Every structure is written in structure tokens, then in C-alpha cells.
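K.L.:
One structure is given below, represented as C-alpha cells, and several questions about it will come after.
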Amino acid sequence: MEEMKIKIEKMLVDLNEWQEIFNWPQKQQQILELEDKMNQPDFWQDQAQAKKIGQELAILKQELEQFNLLKKELVELKLLIDESEKEKDHSLTKEITEKFLALEQMFGQLEVKFLMSGAYDKNDALLAIHAGTGGVDAMDWAEMLERMYLRYSERKEFKVKIIERQVGGEAGIKSVIFEVVGLYAYGNLKSEAGVHRLVRISPFDAEKMRHTSFALVEVLPELANETDYELKEEDLEIDTFRSSGHGGQSVNTTDSAVRVKHKPTGIVVSCQNERSQLQNKQTALKILAAKVKQYNEAKEEEERKRIRGEFSEAAWGNQARSYVLQPYKLVKDHRTDYETAEVEAVLDGGLDKLIETYLKGKIKN
């Protein structure tokens, strides 16, 4: 019981700290502002935006309600433990233990929600996967990662739109960029940025030898509006070219694809998935703005190289996470040291524990 009391006191201390760290009065002010927006006569004219605001308001209210309830029940449980010890009443031990485990789980879930309080965490996300060292195995690995994130997004009820996809010659994909639309999409997916390493018996090796493959995952927040980051027209070099992707006859017979280069940083973004040149240009500029903003915020030159598109580091010694299928099964995140043998579940989109551990580690650091 004494250990349980210590844990309860620690959780109560953490809850009080969260009120400071996550600016409780600001959250309450956000609720009032969102409610005011919802009361405007033209609120439902933009259905997509209205739905997003409604979701954000519901989540904020739920967080505050859960916080107040958790704090209240932890205090009550602590008093119950004190009373049980004073009266030497062991009949309540089972009830107290069950209640504690339930509150501990509730605390963990709430902690993850609070960890996604960054400036762009509630935004949609732009996720890119690039095959690295490993030849055809790496391209196959990139496609496996694509499937993993599509399944994860499906579980979270996020909508996904493919922006750019380059298919490999023999198998897999060279690269893919897709937009993940949903409240806190970026907050959930930002932990996935980095080099992902796969160890397995290669299905492309006639001798069935074990191969190591690498892929780079980029995750960018989609900027809500142009004021978040504005690109200067004189800094841009825009080219059009013939699309080589899917999209129908009109795409393949017109120069609808767009490539945009940001001259000061050297960052290049291309888009060819839309039917019209204007749509491709708008999408490319949206991705470019997010990448340039991230580039300018990066302090280390190695990080800037990665953002600029120099993917040579998607190789040995730089992996954020390893997935081992042979000679044993293990997924290990090298940033948090979290590991699990449930490789198939992870590759099927079961990323919640990996993401949760990463977020908790970031706030502690």
C-alpha cells in the first residue's frame, strides 16, 4: 500500500505541473473562443473546417473533464488507503488495487494527450518515405512502411491522400509522399521521422540470405495558412514537366507535373498526382513551405542536409528504429530503447506504444 501511495502522490504532483506546463488558463480560453466560433451564423458554410473545430473543441473539453475527474479520484483513493491502513481493514485491498490500476491507466492516456501540445501538433501531416541503402530490398521495405502508416491512419480514422509516388523498377517504391488529414495527425506521427532499418531473409535473394535495408521517413506539419510561413516569389524556381504517374489520359498528355525549387536552401519539391497544373503547383508549394520552415528552424547541419533531400544518411549507424524479422523477431526504437517482439502487429499499424513512449521521453528531456 505504501508504494501505491507514493505513486499516487507522484501522479498528483505531475498533474499540478501539467497545469503550469500546458497553460491551463489558455486551454480554457481556447474552449471559449471555439464555442464563440461555432455560434457564428456562417460557421457551417465550410463543412470541413467546421468539423475540425468541433473535433478540437470536443477533445479540449474531454481533456479538462478527464483531468479534473482523475485528480479528484486520486485524492479520494489516497484518503481511502489512509483510512484502510488506520483501521487495519484489509477487506478493501482488492477494491483499492483495481481502482488504482484503472486510474494509472487513465493517467497514462491523459499524459499522451497532453504531450501533443506543440504549436503544430493538432495540424494535418505530410509524410514522405524514401528508399535508402539496400537496392530492391530497400524499395520493398519503403512500400512495407507505406502500408504500415496507411493502416495506422486507418485505425486513427485519419484520411490519407497520395501526393507523389514513384514505383520501383522490380518491386516496391522509390518514394511516396502523402497527406494525413485529421486532428492531431502531426502530433501522432512526428515520432516516425528518421531512418528505419529492416533485417530479414530477402525474398529477392535466390540464396535466401539475410539482408539489411534502410528507408528514410520525413514528417512535416501541414501549415494551416500562409501566415505560418510565406515563400518569397523571387526565391522560387518553378518548372513543369510531363507526368509519369497515374491519373488518366489528360495527365499523361499534358505538362501537368510541377517541380519547385527554393533557391536559398536548395530544397526541391515535385508533384504530379493531381490532374491540373495549378493543383500540383499549390500542393508542391504547401510541402515546400513546410520543409523550408523546418529547414530554417534546424540548428544542426546534418539535420538541414536531411531536410534538403540528401538521403545518403539512410544507412548504417543512423537508424531511429530497427525491425528484425530474422534470426529473431524484434522492433526496437533506438531513441527510447522501447522494444517489442510483436513485429507483425507493428507492421500492421500498431504504433501506439512506440509513439507514446517517444512522446513521454521528449517531455522528460
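Note on naming: chains are A, B, ... as they come in the C-alpha cells, residues start from 1 per chain, ligands start from 1 in the order shown.
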Which residues are close to segment 108-121 of chain A, i.e. within 8 Å by only C-alpha atoms, leaving aside same-chain residues fewer than 6 positions away? Reply as a PyMOL selection string.
P.N.:
chain A and resi 18+22+63+66-67+184-188+221-223+356+359-360+363
K.L.:
Tell me, as a PDB file with N, CA and C atoms, in the first residue's frame, which residues lie within 7 Å of segment 127-140 of chain A, counting only C-alpha atoms; anything in the same chain fewer than 5 positions away does not count.
P.N.:
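Once everything was written out, this is out_5.pdb:
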```pdb
ATOM      1  N   GLY A 168       9.189   1.427 -57.814  1.00  0.00           N
ATOM      2  CA  GLY A 168      10.488   0.831 -58.119  1.00  0.00           C
ATOM      3  C   GLY A 168      10.436   0.013 -59.392  1.00  0.00           C
ATOM      4  N   GLU A 170      11.752  -3.075 -60.080  1.00  0.00           N
ATOM      5  CA  GLU A 170      11.484  -4.507 -59.887  1.00  0.00           C
ATOM      6  C   GLU A 170      10.392  -4.749 -58.851  1.00  0.00           C
ATOM      7  N   ALA A 171      10.411  -3.966 -57.786  1.00  0.00           N
ATOM      8  CA  ALA A 171       9.416  -4.133 -56.718  1.00  0.00           C
ATOM      9  C   ALA A 171       9.438  -2.895 -55.834  1.00  0.00           C
ATOM     10  N   GLY A 172       8.386  -2.733 -55.040  1.00  0.00           N
ATOM     11  CA  GLY A 172       8.356  -1.675 -54.044  1.00  0.00           C
ATOM     12  C   GLY A 172       8.244  -0.278 -54.621  1.00  0.00           C
ATOM     13  N   ILE A 173       8.675   0.706 -53.843  1.00  0.00           N
ATOM     14  CA  ILE A 173       8.591   2.109 -54.259  1.00  0.00           C
ATOM     15  C   ILE A 173       9.920   2.824 -53.983  1.00  0.00           C
ATOM     16  N   LYS A 174      10.242   3.770 -54.839  1.00  0.00           N
ATOM     17  CA  LYS A 174      11.416   4.603 -54.587  1.00  0.00           C
ATOM     18  C   LYS A 174      11.094   5.645 -53.520  1.00  0.00           C
ATOM     19  N   SER A 175       9.893   6.214 -53.638  1.00  0.00           N
ATOM     20  CA  SER A 175       9.464   7.204 -52.654  1.00  0.00           C
ATOM     21  C   SER A 175       7.961   7.403 -52.736  1.00  0.00           C
ATOM     22  N   VAL A 176       7.400   7.958 -51.674  1.00  0.00           N
ATOM     23  CA  VAL A 176       5.982   8.319 -51.656  1.00  0.00           C
ATOM     24  C   VAL A 176       5.807   9.501 -50.711  1.00  0.00           C
ATOM     25  N   ILE A 177       4.924  10.392 -51.069  1.00  0.00           N
ATOM     26  CA  ILE A 177       4.540  11.494 -50.179  1.00  0.00           C
ATOM     27  C   ILE A 177       3.032  11.454 -50.064  1.00  0.00           C
ATOM     28  N   PHE A 178       2.511  11.445 -48.836  1.00  0.00           N
ATOM     29  CA  PHE A 178       1.070  11.545 -48.688  1.00  0.00           C
ATOM     30  C   PHE A 178       0.679  12.489 -47.559  1.00  0.00           C
ATOM     31  N   GLU A 179      -0.518  13.002 -47.706  1.00  0.00           N
ATOM     32  CA  GLU A 179      -1.086  13.927 -46.735  1.00  0.00           C
ATOM     33  C   GLU A 179      -1.976  13.133 -45.786  1.00  0.00           C
ATOM     34  N   SER A 202      15.925 -12.018 -47.444  1.00  0.00           N
ATOM     35  CA  SER A 202      15.431 -11.296 -48.618  1.00  0.00           C
ATOM     36  C   SER A 202      14.594 -12.187 -49.531  1.00  0.00           C
ATOM     37  N   THR A 212      19.967  -6.403 -44.947  1.00  0.00           N
ATOM     38  CA  THR A 212      19.592  -5.230 -44.165  1.00  0.00           C
ATOM     39  C   THR A 212      19.216  -4.112 -45.129  1.00  0.00           C
ATOM     40  N   SER A 213      18.055  -3.511 -44.908  1.00  0.00           N
ATOM     41  CA  SER A 213      17.561  -2.450 -45.781  1.00  0.00           C
ATOM     42  C   SER A 213      17.233  -1.213 -44.955  1.00  0.00           C
ATOM     43  N   PHE A 214      17.273  -0.055 -45.613  1.00  0.00           N
ATOM     44  CA  PHE A 214      17.009   1.210 -44.927  1.00  0.00           C
ATOM     45  C   PHE A 214      16.017   2.061 -45.709  1.00  0.00           C
ATOM     46  N   ALA A 215      15.243   2.836 -44.977  1.00  0.00           N
ATOM     47  CA  ALA A 215      14.344   3.814 -45.592  1.00  0.00           C
ATOM     48  C   ALA A 215      14.277   5.028 -44.676  1.00  0.00           C
ATOM     49  N   LEU A 216      14.120   6.182 -45.285  1.00  0.00           N
ATOM     50  CA  LEU A 216      14.021   7.427 -44.530  1.00  0.00           C
ATOM     51  C   LEU A 216      12.573   7.889 -44.503  1.00  0.00           C
ATOM     52  N   VAL A 217      12.095   8.240 -43.314  1.00  0.00           N
ATOM     53  CA  VAL A 217      10.738   8.771 -43.155  1.00  0.00           C
ATOM     54  C   VAL A 217      10.833  10.233 -42.739  1.00  0.00           C
ATOM     55  N   GLU A 218      10.148  11.092 -43.478  1.00  0.00           N
ATOM     56  CA  GLU A 218      10.048  12.506 -43.135  1.00  0.00           C
ATOM     57  C   GLU A 218       8.617  12.793 -42.695  1.00  0.00           C
ATOM     58  N   VAL A 219       8.447  13.600 -41.658  1.00  0.00           N
ATOM     59  CA  VAL A 219       7.116  14.005 -41.216  1.00  0.00           C
ATOM     60  C   VAL A 219       7.122  15.518 -41.011  1.00  0.00           C
ATOM     61  N   LEU A 220       6.226  16.198 -41.714  1.00  0.00           N
ATOM     62  CA  LEU A 220       6.123  17.649 -41.622  1.00  0.00           C
ATOM     63  C   LEU A 220       4.715  18.045 -41.207  1.00  0.00           C
ATOM     64  N   PHE A 311      19.756  12.097 -48.975  1.00  0.00           N
ATOM     65  CA  PHE A 311      19.324  10.930 -48.213  1.00  0.00           C
ATOM     66  C   PHE A 311      20.413   9.891 -47.999  1.00  0.00           C
ATOM     67  N   ALA A 314      20.534   7.582 -44.926  1.00  0.00           N
ATOM     68  CA  ALA A 314      19.604   6.486 -44.692  1.00  0.00           C
ATOM     69  C   ALA A 314      20.364   5.170 -44.816  1.00  0.00           C
ATOM     70  N   ALA A 315      21.270   4.958 -43.889  1.00  0.00           N
ATOM     71  CA  ALA A 315      22.162   3.805 -43.942  1.00  0.00           C
ATOM     72  C   ALA A 315      22.609   3.462 -42.528  1.00  0.00           C
TER      73      ALA A 315
END
```
K.L.:
Using only C-alpha atoms, pick whichever of A:Val258, A:Arg165, A:Met1, A:Asn39 has the shortest atom-to-atom distance to Lys94 of chain A.
P.N.:
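Ranking A:Val258, A:Arg165, A:Met1, A:Asn39 by distance to Lys94 of chain A, first place goes to A:Met1.
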K.L.:
Using DSSP on the backbone coordinates, identify the residues of segment 6-158 of chain A assigned to alpha helix (DSSP H); present them as a PyMOL selection string.
P.N.:
chain A and resi 6-21+24-38+47-87+93-115+135-155
K.L.:
One decimal, in Å: what's the spacing between atom CA of Leu330 of chain A and atom CA of Leu126 of chain A?
P.N.:
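Separation between atom CA of Leu330 of chain A and atom CA of Leu126 of chain A: 27.7 Å.
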K.L.:
Excluding segment 280-295 of chain A and residues on its chain fewer than 3 positions from it, collect all residues at most 6 Å away from it, counting only C-alpha atoms, and give them as a PDB file with N, CA and C atoms, in the first residue's frame.
P.N.:
```
ATOM      1  N   VAL A 258       4.576  19.506 -61.684  1.00  0.00           N
ATOM      2  CA  VAL A 258       5.273  20.736 -61.306  1.00  0.00           C
ATOM      3  C   VAL A 258       6.442  20.418 -60.380  1.00  0.00           C
ATOM      4  N   VAL A 269      10.839  20.302 -54.478  1.00  0.00           N
ATOM      5  CA  VAL A 269       9.620  19.507 -54.283  1.00  0.00           C
ATOM      6  C   VAL A 269       8.917  19.387 -55.622  1.00  0.00           C
ATOM      7  N   SER A 270       8.473  18.181 -55.955  1.00  0.00           N
ATOM      8  CA  SER A 270       7.704  17.997 -57.192  1.00  0.00           C
ATOM      9  C   SER A 270       6.383  17.328 -56.873  1.00  0.00           C
ATOM     10  N   CYS A 271       5.402  17.583 -57.708  1.00  0.00           N
ATOM     11  CA  CYS A 271       4.077  16.974 -57.528  1.00  0.00           C
ATOM     12  C   CYS A 271       3.467  16.715 -58.894  1.00  0.00           C
ATOM     13  N   GLN A 272       2.927  15.500 -59.069  1.00  0.00           N
ATOM     14  CA  GLN A 272       2.327  15.157 -60.360  1.00  0.00           C
ATOM     15  C   GLN A 272       1.067  14.328 -60.205  1.00  0.00           C
ATOM     16  N   GLU A 274      -1.990  15.296 -59.140  1.00  0.00           N
ATOM     17  CA  GLU A 274      -3.248  15.954 -59.466  1.00  0.00           C
ATOM     18  C   GLU A 274      -3.409  16.060 -60.985  1.00  0.00           C
ATOM     19  N   GLN A 277      -2.290  21.415 -63.545  1.00  0.00           N
ATOM     20  CA  GLN A 277      -1.006  22.003 -63.187  1.00  0.00           C
ATOM     21  C   GLN A 277      -1.154  22.914 -61.974  1.00  0.00           C
ATOM     22  N   ALA A 298      15.996  24.237 -38.110  1.00  0.00           N
ATOM     23  CA  ALA A 298      17.001  23.221 -37.767  1.00  0.00           C
ATOM     24  C   ALA A 298      18.319  23.898 -37.391  1.00  0.00           C
ATOM     25  N   ARG A 304      19.812  19.735 -41.522  1.00  0.00           N
ATOM     26  CA  ARG A 304      19.493  20.541 -42.692  1.00  0.00           C
ATOM     27  C   ARG A 304      19.712  19.747 -43.984  1.00  0.00           C
TER      28      ARG A 304
END
```
K.L.:
As a PyMOL selection string, please: all residues of segment 2-246 of chain A that backbone DSSP puts in strand (DSSP E).
P.N.:
chain A and resi 125-131+159-167+173-181+194-201+210-221+236-241
K.L.:
Given the choices A:Asp14, A:Glu192, A:Glu143, A:Glu157, which gets closest to Arg335 of chain A if the distance is worked out from only C-alpha atoms?
P.N.:
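Residue with the minimum atom-to-atom distance to Arg335 of chain A: A:Glu192.
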K.L.:
How many Å lie between atom CA of Leu354 of chain A and atom CA of Tyr338 of chain A, rounded to one decimal?
P.N.:
7.0 Å
K.L.:
So which residues touch Leu101 of chain A within 12 Å, counting only C-alpha atoms, skipping near sequence neighbours fewer than 6 positions away, as a list in words?
P.N.:
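The residues that qualify are Met4, Lys7, Ile8, Leu74, Leu77, Lys94, Glu95, Phe107 and Gly108 of chain A.
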K.L.:
Under the rule that only C-alpha atoms are counted, which of A:Thr336, A:Val13, A:Phe43, A:Gly350 is the nearest residue to Tyr149 of chain A?
P.N.:
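Closest to Tyr149 of chain A, using only C-alpha atoms: A:Gly350.
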K.L.:
Atom CA of Glu3 of chain A and atom CA of Asp352 of chain A are how many Å apart?
P.N.:
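If I compute the distance from atom CA of Glu3 of chain A to atom CA of Asp352 of chain A, I get 27.9 Å.
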K.L.:
Show which residues sit within 10 Å of Arg200 of chain A, as a PDB file with C-alpha atoms, in the first residue's frame. Count only C-alpha atoms, and ignore same-chain residues fewer than 6 positions away.
P.N.:
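part-v9.pdb, written as the output of this step:
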```
ATOM      1  CA  ASP A 137      15.023  -4.740 -50.793  1.00  0.00           C
ATOM      2  CA  LYS A 208      17.842 -16.826 -49.131  1.00  0.00           C
ATOM      3  CA  MET A 209      20.471 -14.748 -47.383  1.00  0.00           C
ATOM      4  CA  ARG A 210      19.745 -12.246 -44.627  1.00  0.00           C
ATOM      5  CA  HIS A 211      19.702  -8.628 -45.867  1.00  0.00           C
ATOM      6  CA  THR A 212      19.592  -5.230 -44.165  1.00  0.00           C
ATOM      7  CA  SER A 213      17.561  -2.450 -45.781  1.00  0.00           C
ATOM      8  CA  TYR A 323      12.704  -4.041 -37.318  1.00  0.00           C
ATOM      9  CA  VAL A 324      14.280  -7.505 -37.134  1.00  0.00           C
ATOM     10  CA  LEU A 325      12.461 -10.476 -38.713  1.00  0.00           C
ATOM     11  CA  GLN A 326      15.450 -12.881 -38.775  1.00  0.00           C
ATOM     12  CA  PRO A 327      17.091 -14.596 -36.866  1.00  0.00           C
ATOM     13  CA  TYR A 328      14.627 -13.414 -34.162  1.00  0.00           C
ATOM     14  CA  LYS A 329      11.695 -11.008 -34.074  1.00  0.00           C
TER      15      LYS A 329
END
```
K.L.:
Rank nothing, just name the residue among A:Asp124, A:Glu87, A:Asp82, A:Glu17 nearest to Val180 of chain A, using only C-alpha atoms.
P.N.:
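Ranking A:Asp124, A:Glu87, A:Asp82, A:Glu17 by distance to Val180 of chain A, first place goes to A:Asp124.
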K.L.:
Nearest to Leu79 of chain A among A:Gln30, A:Ala125, A:Glu9, A:Ser276, with distances taken over only C-alpha atoms: which residue is it?
P.N.:
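Using only C-alpha atoms, Leu79 of chain A sits closest to A:Glu9.
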K.L.:
With distances taken over only C-alpha atoms, which residue among A:Ile81, A:Val181, A:Ala257, A:Leu34 lies nearest Ala58 of chain A?
P.N.:
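Closest residue, counting only C-alpha atoms: A:Leu34.
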K.L.:
Mind checking which residues fall within 12 Å of Ser91 of chain A, counting only C-alpha atoms, ignoring those fewer than 6 positions away in the same chain, and posting them as a PDB file with N, CA and C atoms, in the first residue's frame?
P.N.:
```pdb
ATOM      1  N   LEU A  80      -8.786   6.889   0.988  1.00  0.00           N
ATOM      2  CA  LEU A  80      -9.304   5.539   1.256  1.00  0.00           C
ATOM      3  C   LEU A  80      -8.186   4.621   1.742  1.00  0.00           C
ATOM      4  N   ILE A  81      -6.997   4.752   1.139  1.00  0.00           N
ATOM      5  CA  ILE A  81      -5.841   3.957   1.568  1.00  0.00           C
ATOM      6  C   ILE A  81      -5.445   4.329   2.997  1.00  0.00           C
ATOM      7  N   GLU A  83      -7.335   5.552   5.310  1.00  0.00           N
ATOM      8  CA  GLU A  83      -8.383   5.049   6.216  1.00  0.00           C
ATOM      9  C   GLU A  83      -8.251   3.539   6.407  1.00  0.00           C
ATOM     10  N   SER A  84      -7.970   2.825   5.311  1.00  0.00           N
ATOM     11  CA  SER A  84      -7.817   1.375   5.373  1.00  0.00           C
ATOM     12  C   SER A  84      -6.636   0.985   6.266  1.00  0.00           C
ATOM     13  N   GLU A  85      -5.530   1.732   6.161  1.00  0.00           N
ATOM     14  CA  GLU A  85      -4.346   1.454   6.985  1.00  0.00           C
ATOM     15  C   GLU A  85      -4.600   1.791   8.448  1.00  0.00           C
ATOM     16  N   THR A  97      -6.789  -1.800  -5.132  1.00  0.00           N
ATOM     17  CA  THR A  97      -5.838  -2.177  -6.187  1.00  0.00           C
ATOM     18  C   THR A  97      -6.451  -2.016  -7.569  1.00  0.00           C
TER      19      THR A  97
END
```
